[in-house]
Amino acid sequence: MIENVVEFFKNLPPKMCTSCGEQIEEQHECYSNKCDKCNCE
Ligand SMILES: [Zn+2]
């Protein structure tokens with residue numbers, strides 16, 4: 001349903017680390033697609 005567009009965006013899946021597949025918490029200072037652990041490597 002078109003009226004559910006807002007709900008759709010609210011329910012977007014979280015970012016996943018492209019390296020290990022771990023869920024990434026929102027990090028506004030971080031533009032990469034990797035989690036903290038993989039960013040440090
Ligand atoms: Zn990772």
# chains A, B, ... in the order shown; residues from 1 in each chain; ligands from 1

$ closest_atom_pairs --of "chain A" --to "ligand 1" --cutoff "6 Å" --atoms "only C-alpha atoms and all ligand atoms" --output "Markdown table"
| residue | atom | partner | partner_atom_place_in_ligand_line | distance |
| --- | --- | --- | --- | --- |
| A:Cys17 | CA | ligand 1 | 1 (Zn) | 4.7 |
| A:Ser19 | CA | ligand 1 | 1 (Zn) | 4.9 |
| A:Cys20 | CA | ligand 1 | 1 (Zn) | 4.1 |
| A:Glu22 | CA | ligand 1 | 1 (Zn) | 5.4 |
| A:Lys34 | CA | ligand 1 | 1 (Zn) | 5.1 |
| A:Cys35 | CA | ligand 1 | 1 (Zn) | 4.2 |
| A:Lys37 | CA | ligand 1 | 1 (Zn) | 5.5 |
| A:Cys38 | CA | ligand 1 | 1 (Zn) | 4.3 |

$ atom_distance --atom1 "CA of Thr18 in chain A" --atom2 "CA of Asn4 in chain A"
28.9 Å
